[in-house]
Structure formats: structure tokens, C-alpha cells
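*Asks:* Structure incoming, see below.
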Amino acid sequence: MRTLFPGKPVTGLARCIRTSNVPASTRLRFSSTLQAQAQVKTDPSPSLPPLSILPAHVLLRSLLVSTISSKRFLLIPALSFMSFLSKPNRIWLFDVDRNPILHGILKKTFYNQFCAGENAAECRSTIREMKDMGFRGVILTYAAETVFDHSTQAQHGQGVAALKSEDGNVSINAPVSQCPSIEAWRKGTVETIDMSDAEDYLAVKLTGAGIKATEAFAAGDLPPQQMMDALDEICTKAKDRKVRILVDAESQHFQKGIARVAVELMRKYNRDGYATIYSTYQAYLKSTPATLANHLTVASEDGFTLGLKLVRGAYMATDERSLIHDTKEDTDNAYNMIAQGALRKNIGEFGDKGSREFPSVNLFLASHNKESVVAAQKLYKHRVTSGLPTVPVRFAQLHGMSDEVSFTLLQMNDGDGTPEVYKCSTWGDMGECLAYLLRRAIENRDAVLRTDNEYRALKAEVFRRAKLTFSLSPSS
């Protein structure tokens with residue numbers, strides 16, 4: 001039997017093209033990304049569905065995870081179990097790093113769906129697979145952060161943020177000059193850069209450096225000098241390797257200090273006409289337009305490029321609800337207003353509709369909302385072809401989520417190299433990644449409609465491949 005479930009992904013963005021004298025139902029020709037781009041304007045044949053690019057093992061795993069995520073009677077127990085596993089000091093039976101059976105089950109399902117790997121070799125393999133599917137690059141982050149739960153007024157460290165020693169010799173309360181949590185975070189972050197290629201991105205969670213850093217962030221201050229020195233080392237190394245850095249937004253309890261660090265780094269490293277450092281702006285916060293206006297002012301006055309990474313937000317389960325827009329529609333409107341405003345170079349008082357010149361901005365749109373990103377790419381392309389002012393823009397979705405959105409963007413490439421699409425993935429030990437995996441599961445719970453649409457699209461793609469496989473089978 002001939003199969004359309006290949007063991008490895010087709011290199012580049014595979015497209016199905018009809019040959020001139022052979023029926024399309026019996027013969028397929030796949031072209032590379034560049035060949036597809038060159039032919040798209042002259043070949044009227046429809047392309048394959050976006051999810052046709054997924055390798056078979058990824059497609060089937062995605063369908064399994066999406067089935068759980070889209071069915072509340074499956075998702076709620078899964079969330080409860082993952083929340084239970086994420087608590088520290090579990091007995092051997094429920095310790096994901098010590099129980100090999102539990103580790104194996106999670107590794108083959110949720111972990112491999114959303115995370116890059118537990119070591120450098122696994123990460124490089126995942127990165128290679130993503131680039132083979134046509135993505136411009138990856139955004140890689142080390143799984144270490146501290147989450148503040150507004151409802152309980154408690155913070156929970158994950159990964160090196162929860163560093164401790166069984167014999168008590170290493171403590172997060174060590175002197176600032178030699179804080180082991182900061183040093184462990186530095187090493188993990190530098191190792192992440194070493195796994196990245198030119199034009200890839202490093203996403204950093206500053207709270208991963210532990211309590212000395214989070215205490216400063218909560219007060220709106222810069223972290224200890226040890227961490228500032230580590231950030232200088234990280235930024236210099238990244239810039240030398242042509243790797244960009246995205247400073248992630250985190251719990252609002254810490255965000256004022258995190259934003260202050262991001263601006264300081266942009267001021268220092270974004271002076272070559274492009275952004276090496278990006279700050280992340282959460283559209284679901286009511287305060288984001290004012291924050292962005294303030295940062296545009298600083299960028300304009302100090303003469304650096306503002307790296308503007310725009311997300312909707314991922315901490316609704318733990319942040320203070322009053323800080324967040326009342327409805328999803330309000331969040332969607334806020335996201336689209338900022339994204340399209342930046343692409344038009346008109347935000348508030350900045351631009352030709354305001355009183356001040358629009359500063360240098362590089363835009364990075366991270367979103368699973370298909371309407372938002374497709375509209376943004378169309379607007380960008382229209383302004384470029386019309387000779388209107390705009391800003392450079394790239395797109396990203398999370399590893400294991402919204403693949404249909406990612407591949408739809410890739411199929412919008414008409415030969416000019418845009419849009420440039422990335423996948424964002426986390427790496428680290430299973431225990432270190434549990435908080436990240438739990439947040440992804442919660443995000444799926446809160447996006448029921450999108451998750452159901454993903455499930456339907458994945459199921460349709462599996463049926464399409466199965467139907468085509470049997471239709472191509474030799475008759476008996």
C-alpha cells in the first residue's frame with residue numbers, strides 16, 4: 001500500500017501541483033518552498049490544506065492532545081492531575097523526573113507536543129524538524145519562572161527559580177553577590193543561546209532567576225548587579241550570534257520591574273537601526289496602551305529601536321482580574337489596534353496623524369488568532385506594495401498550538417520572503433516544564449472555540465490523508 005503518512009517531514013513548504021498529463025489523483029509532485037513561491041502567481045491549482053505539511057507522527061500526536069483539550073470532560077481531570085504533579089516535593093510515584101513510567105507517558109504526549117527537549121540534542125532535533133517544515137526559525141526559552149497567584153498572594157517558582165539543595169548547602173537566600181539561582185538561570189540561558197542559530201530568538205523569563213530577582217521586580221526595581229551583569233553577557237553573546245532576545249511579560253506582580261529591565265536593555269543594545277531586544281506587551285491589560293505610549297516616547301527621545309512583541313496574555317488564571325479587559329472582544333480590539341497602528345506607523349500622538357514623528361520600531365506579532373495575523377500580513381503587504389510607510393514584522397505561534405494558523409501564514413508567501421513565521425518552544429527537564437505545560441492546558445481550556453476548531457481541522461486532515469491513501473492503493 002502506498003502511504004501519505006511519511007516518517008519524516010517534507011523539506012520546505014510542500015505544495016501539491018498538478019502535472020500536465022497525469023491525473024492529480026494518482027500522481028503528486030512536491031516542490032520546495034522557493035519553487036512554490038515562484039509558481040504561486042502563475043499556477044492556478046489549489047494548494048494542499050495548511051495542515052498537510054505536518055509530519056504524520058506530529059499530526060497524530062496533535063490530534064490526541066487536541067481531543068483531550070477540546071473535550072471538557074477530558075480536559076478538566078487532565079488539568080487537575082497536571083496541577084497536582086506540578087506541586088513540589090512529590091513522593092516517587094508522582095515525581096515526573098523520578099518515576100520513569102509517568103515520565104515516559106508525559107514525554108510522549110504533552111511534553112513532546114509543546115516542548116523542544118530535555119537536552120541540547122533533543123532541542124536541535126526539534127528545531128531542525130520545524131525549519132524543515134518551512135518556518136523561518138524558532139523562539140527558544142528555558143523553562144524557569146516564578147508565577148504570582150493574586151488570589152492566594154503566593155508565588156511559586158519553577159525550574160531554577162525553585163533551586164534548593166537537599167543537604168542545605170545551596171540556598172536561594174545566599175548573598176546577592178553569589179546567588180546560586182541567578183547563576184543557574186544564567187547558565188541555562190547561555191546554553192539556550194548556544195542551541196540557537198542566526199535569526200532565531202531567545203525568549204527570557206527574568207523571574208526564573210529566583211527570589212532575589214523577583215523581590216526587586218515586585219518593587220519595580222532593577223535586579224541585583226549579578227543579574228544585570230548576566231544580562232549584559234547574554235545580550236552581547238546573542239548579538240554576536242545574530243540571535244534576538246524577547247523579554248517575556250510575566251505575572252503583573254513583577255511586570256513593572258521586568259519592563260524597566262527591558263527598556264534599559266533596548267536602550268543599550270538597539271542602536272543599530274534594528275531591534276536585538278524586544279519587550280513584550282500584553283493586549284489583555286487595560287494599561288498596555290499607556291505603557292506602550294510611554295515606551296515609544298522613551299525610544300523617540302533616546303534614539304533607539306523599540307522592539308515591540310505583542311501578545312494577548314497568558315496569566316489570566318493568576319493575575320488580578322480587574323487589570324484585564326472585561327471581554328474577549330475588548331482584548332481582540334486592543335490587539336488589532338496596536339498591531340495595525342504599528343504597521344501604519346500611527347499610534348496615539350506618534351505618526352502623521354499625531355504631533356510626533358513615529359520612532360524606529362520592529363514588530364513581532366505572537367498570536368493564535370487567525371483573523372488578527374492574516375489581517376496584519378495583508379496590511380503589511382499592501383503598504384509595502386503601495387510604497388506606504390510601515391515597520392518590519394514577524395509572526396509566531398507556540399509549538400504544538402495553532403499549526404493551521406502558522407501554515408496558513410506560510411502559504412501567504414508569494415515569493416518575497418514574507419511573512420516570516422516562527423514557532424516558540426520551551427526546553428528543560430520534565431519537572432521544570434510542568435508549569436509551562438499546565439499554563440498551555442489552561443490556555444486551551446479558556447479558548448474553547450479555537451481549540452474545537454483545531455480539533456476539527458486536525459481530524460479532517462487525518463481523514464483526508466487516510467482517504468487519499470486508500471484511493472491510491474493498487475486495485476486487487
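Each chain in the C-alpha cells gets a letter, A, B and so on, in the order shown; residues start at 1 in every chain, and ligands are counted from 1 in the order they appear.
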Would you mind writing down, as a list in words, each residue of stretch 150-348 of chain A that DSSP on the backbone assigns to strand (DSSP E or B)?
*Replies:*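 So, restricting stretch 150-348 of chain A to strand (DSSP E or B), we get Ala154, Gln155, His156, Gly157, Gln158, Tyr201, Leu202, Ala203, Val204, Arg244, Ile245, Leu246, Val247, Ile277, Tyr278, Ser279, Thr280, Tyr281, Gln282, Leu285, Leu306, Gly307, Leu308, Lys309, Leu310, Val311, Ile324 and Ile347 of chain A.
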*Asks:* When you look at A:Asp232 with a cut-off of 12 Å (counting only C-alpha atoms), what residues show up, excluding the ones that are within fewer than 3 positions of it in the same chain? I need them as an MDAnalysis selection string.
*Replies:* chainID A and resid 186 190 225:229 235:239 245 261:262 264:266 268:269 277
*Asks:* Excluding stretch 116-129 of chain A and residues on its chain fewer than 4 positions from it, collect all residues at most 7 Å away from it, counting only C-alpha atoms, and give them as number ranges by chain.
*Replies:* A: 112, 133, 138, 195, 425-429
*Asks:* Please, could you write that set of residues out with all heavy atoms as a PDB file, in the first residue's frame?
*Replies:*
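The resulting file, out08.pdb, is shown below:
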ATOM      1  N   ASN A 112       6.279  16.389  24.400  1.00  0.00           N
ATOM      2  CA  ASN A 112       6.757  16.485  23.018  1.00  0.00           C
ATOM      3  C   ASN A 112       5.859  17.356  22.149  1.00  0.00           C
ATOM      4  O   ASN A 112       6.314  17.886  21.131  1.00  0.00           O
ATOM      5  CB  ASN A 112       6.871  15.094  22.406  1.00  0.00           C
ATOM      6  CG  ASN A 112       8.071  14.329  22.919  1.00  0.00           C
ATOM      7  OD1 ASN A 112       8.967  14.896  23.548  1.00  0.00           O
ATOM      8  ND2 ASN A 112       8.113  13.029  22.665  1.00  0.00           N
ATOM      9  N   MET A 133       9.932  22.148   8.040  1.00  0.00           N
ATOM     10  CA  MET A 133       8.531  22.373   7.680  1.00  0.00           C
ATOM     11  C   MET A 133       8.308  23.762   7.086  1.00  0.00           C
ATOM     12  O   MET A 133       7.191  24.103   6.714  1.00  0.00           O
ATOM     13  CB  MET A 133       7.634  22.166   8.906  1.00  0.00           C
ATOM     14  CG  MET A 133       7.432  20.711   9.274  1.00  0.00           C
ATOM     15  SD  MET A 133       6.185  20.460  10.574  1.00  0.00           S
ATOM     16  CE  MET A 133       7.128  20.830  12.053  1.00  0.00           C
ATOM     17  N   VAL A 138      13.088  29.539  15.140  1.00  0.00           N
ATOM     18  CA  VAL A 138      12.416  29.191  16.388  1.00  0.00           C
ATOM     19  C   VAL A 138      12.675  30.255  17.440  1.00  0.00           C
ATOM     20  O   VAL A 138      13.640  31.021  17.357  1.00  0.00           O
ATOM     21  CB  VAL A 138      12.884  27.819  16.920  1.00  0.00           C
ATOM     22  CG1 VAL A 138      12.548  26.711  15.945  1.00  0.00           C
ATOM     23  CG2 VAL A 138      14.376  27.831  17.227  1.00  0.00           C
ATOM     24  N   MET A 195      22.238  26.815  21.553  1.00  0.00           N
ATOM     25  CA  MET A 195      21.420  25.906  20.739  1.00  0.00           C
ATOM     26  C   MET A 195      20.713  26.637  19.601  1.00  0.00           C
ATOM     27  O   MET A 195      20.056  26.005  18.771  1.00  0.00           O
ATOM     28  CB  MET A 195      20.374  25.208  21.626  1.00  0.00           C
ATOM     29  CG  MET A 195      20.958  24.186  22.566  1.00  0.00           C
ATOM     30  SD  MET A 195      19.679  23.241  23.455  1.00  0.00           S
ATOM     31  CE  MET A 195      19.183  24.421  24.705  1.00  0.00           C
ATOM     32  N   SER A 425       9.139  27.568  21.476  1.00  0.00           N
ATOM     33  CA  SER A 425       9.168  26.329  22.249  1.00  0.00           C
ATOM     34  C   SER A 425       9.999  26.508  23.510  1.00  0.00           C
ATOM     35  O   SER A 425      10.904  27.346  23.568  1.00  0.00           O
ATOM     36  CB  SER A 425       9.740  25.191  21.404  1.00  0.00           C
ATOM     37  OG  SER A 425       9.506  23.937  22.023  1.00  0.00           O
ATOM     38  N   THR A 426       9.693  25.710  24.506  1.00  0.00           N
ATOM     39  CA  THR A 426      10.398  25.723  25.787  1.00  0.00           C
ATOM     40  C   THR A 426      11.209  24.443  25.931  1.00  0.00           C
ATOM     41  O   THR A 426      10.805  23.389  25.446  1.00  0.00           O
ATOM     42  CB  THR A 426       9.379  25.833  26.942  1.00  0.00           C
ATOM     43  OG1 THR A 426       8.797  27.136  26.911  1.00  0.00           O
ATOM     44  CG2 THR A 426      10.035  25.633  28.291  1.00  0.00           C
ATOM     45  N   TRP A 427      12.363  24.547  26.607  1.00  0.00           N
ATOM     46  CA  TRP A 427      13.129  23.340  26.864  1.00  0.00           C
ATOM     47  C   TRP A 427      13.489  23.271  28.343  1.00  0.00           C
ATOM     48  O   TRP A 427      13.518  24.276  29.048  1.00  0.00           O
ATOM     49  CB  TRP A 427      14.390  23.285  25.999  1.00  0.00           C
ATOM     50  CG  TRP A 427      15.528  24.138  26.485  1.00  0.00           C
ATOM     51  CD1 TRP A 427      15.704  25.468  26.282  1.00  0.00           C
ATOM     52  CD2 TRP A 427      16.656  23.703  27.264  1.00  0.00           C
ATOM     53  NE1 TRP A 427      16.856  25.908  26.880  1.00  0.00           N
ATOM     54  CE2 TRP A 427      17.474  24.835  27.483  1.00  0.00           C
ATOM     55  CE3 TRP A 427      17.051  22.470  27.775  1.00  0.00           C
ATOM     56  CZ2 TRP A 427      18.664  24.767  28.214  1.00  0.00           C
ATOM     57  CZ3 TRP A 427      18.235  22.403  28.503  1.00  0.00           C
ATOM     58  CH2 TRP A 427      19.018  23.543  28.704  1.00  0.00           C
ATOM     59  N   GLY A 428      13.773  22.071  28.809  1.00  0.00           N
ATOM     60  CA  GLY A 428      14.141  21.848  30.202  1.00  0.00           C
ATOM     61  C   GLY A 428      13.650  20.488  30.656  1.00  0.00           C
ATOM     62  O   GLY A 428      12.927  19.792  29.926  1.00  0.00           O
ATOM     63  N   ASP A 429      14.043  20.082  31.850  1.00  0.00           N
ATOM     64  CA  ASP A 429      13.588  18.808  32.396  1.00  0.00           C
ATOM     65  C   ASP A 429      12.072  18.801  32.515  1.00  0.00           C
ATOM     66  O   ASP A 429      11.428  19.857  32.580  1.00  0.00           O
ATOM     67  CB  ASP A 429      14.206  18.561  33.771  1.00  0.00           C
ATOM     68  CG  ASP A 429      15.711  18.347  33.688  1.00  0.00           C
ATOM     69  OD1 ASP A 429      16.205  18.044  32.586  1.00  0.00           O
ATOM     70  OD2 ASP A 429      16.382  18.498  34.726  1.00  0.00           O
TER      71      ASP A 429
END
*Asks:* Neighbours of A:Leu102 within 12 Å (only C-alpha atoms; same-chain residues fewer than 2 positions away dropped), as a list in words?
*Replies:*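 Residues meeting the cut-off are Phe81, Met82, Leu85, Trp92, Leu93, Phe94, Asp95, Val96, Asp97, Arg98, Asn99, Pro100, Gly104, Ile105, Leu106, Lys107, Lys108, Thr109, Phe110, Tyr111, Met430 and Gly431 of chain A.
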*Asks:* Out of stretch 89-317 of chain A, which residues get alpha helix (DSSP H) from DSSP, as a PyMOL selection string?
*Replies:* chain A and resi 100-106+112-114+120-132+180-194+211-218+225-240+252-269+288-302
*Asks:* So which one's closest to A:Leu398, A:Ile258, A:Leu365, A:Ala460, A:Ala435? Using only C-alpha atoms, please.
*Replies:*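 Smallest separation from A:Leu398 among the options: A:Leu365.
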*Asks:* What separation in Å, quoted to one decimal, exists between atom CA of A:Arg136 and atom CA of A:Ile338?
*Replies:*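 Spanning atom CA of A:Arg136 to atom CA of A:Ile338 is a straight-line distance of 23.8 Å.
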*Asks:* Please determine, counting only C-alpha atoms, which residue among A:Lys353, A:Arg267, A:His382, A:Arg244 has the shortest atom-to-atom distance to A:His295.
*Replies:*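 Selected residue with least distance to A:His295: A:Arg267.
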*Asks:* Applying 10 Å and only C-alpha atoms, which residues near A:Tyr335 remain after dropping the ones on its own chain fewer than 6 positions away? List them as a ChimeraX atom specification.
*Replies:* /A:281-284,288-289,310-312,329,341,365,367,372
*Asks:* Write out as JSON, numbers by chain which residues come within 12 Å of A:Phe364 when counting only C-alpha atoms, dropping same-chain ones fewer than 3 positions away.
*Replies:* {"A": [139, 201, 244, 245, 246, 275, 276, 277, 278, 279, 280, 281, 306, 307, 308, 309, 310, 311, 338, 339, 340, 342, 343, 361, 367, 373, 376, 377, 391, 392, 393, 394, 395, 396, 397, 419, 420, 421, 422]}
*Asks:* With a distance cut-off of 12 Å and only C-alpha atoms, select the neighbouring residues of A:Leu79, excluding the residue or stretch itself and same-chain residues fewer than 2 positions from it, and output the selection as a VMD selection string.
*Replies:* chain A and resid 68 to 69 71 to 77 81 to 86 110 434 to 435 437 to 445
*Asks:* One number please: atom CA of A:Ile324 to atom CA of A:Asn362, in Å, one decimal.
*Replies:* 25.4 Å
*Asks:* Taking only C-alpha atoms into account, name the residue in A:Ser406, A:Ser70, A:Gln113, A:Thr192 that is nearest to A:His57.
*Replies:*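 The answer is A:Gln113, which sits nearest to A:His57.
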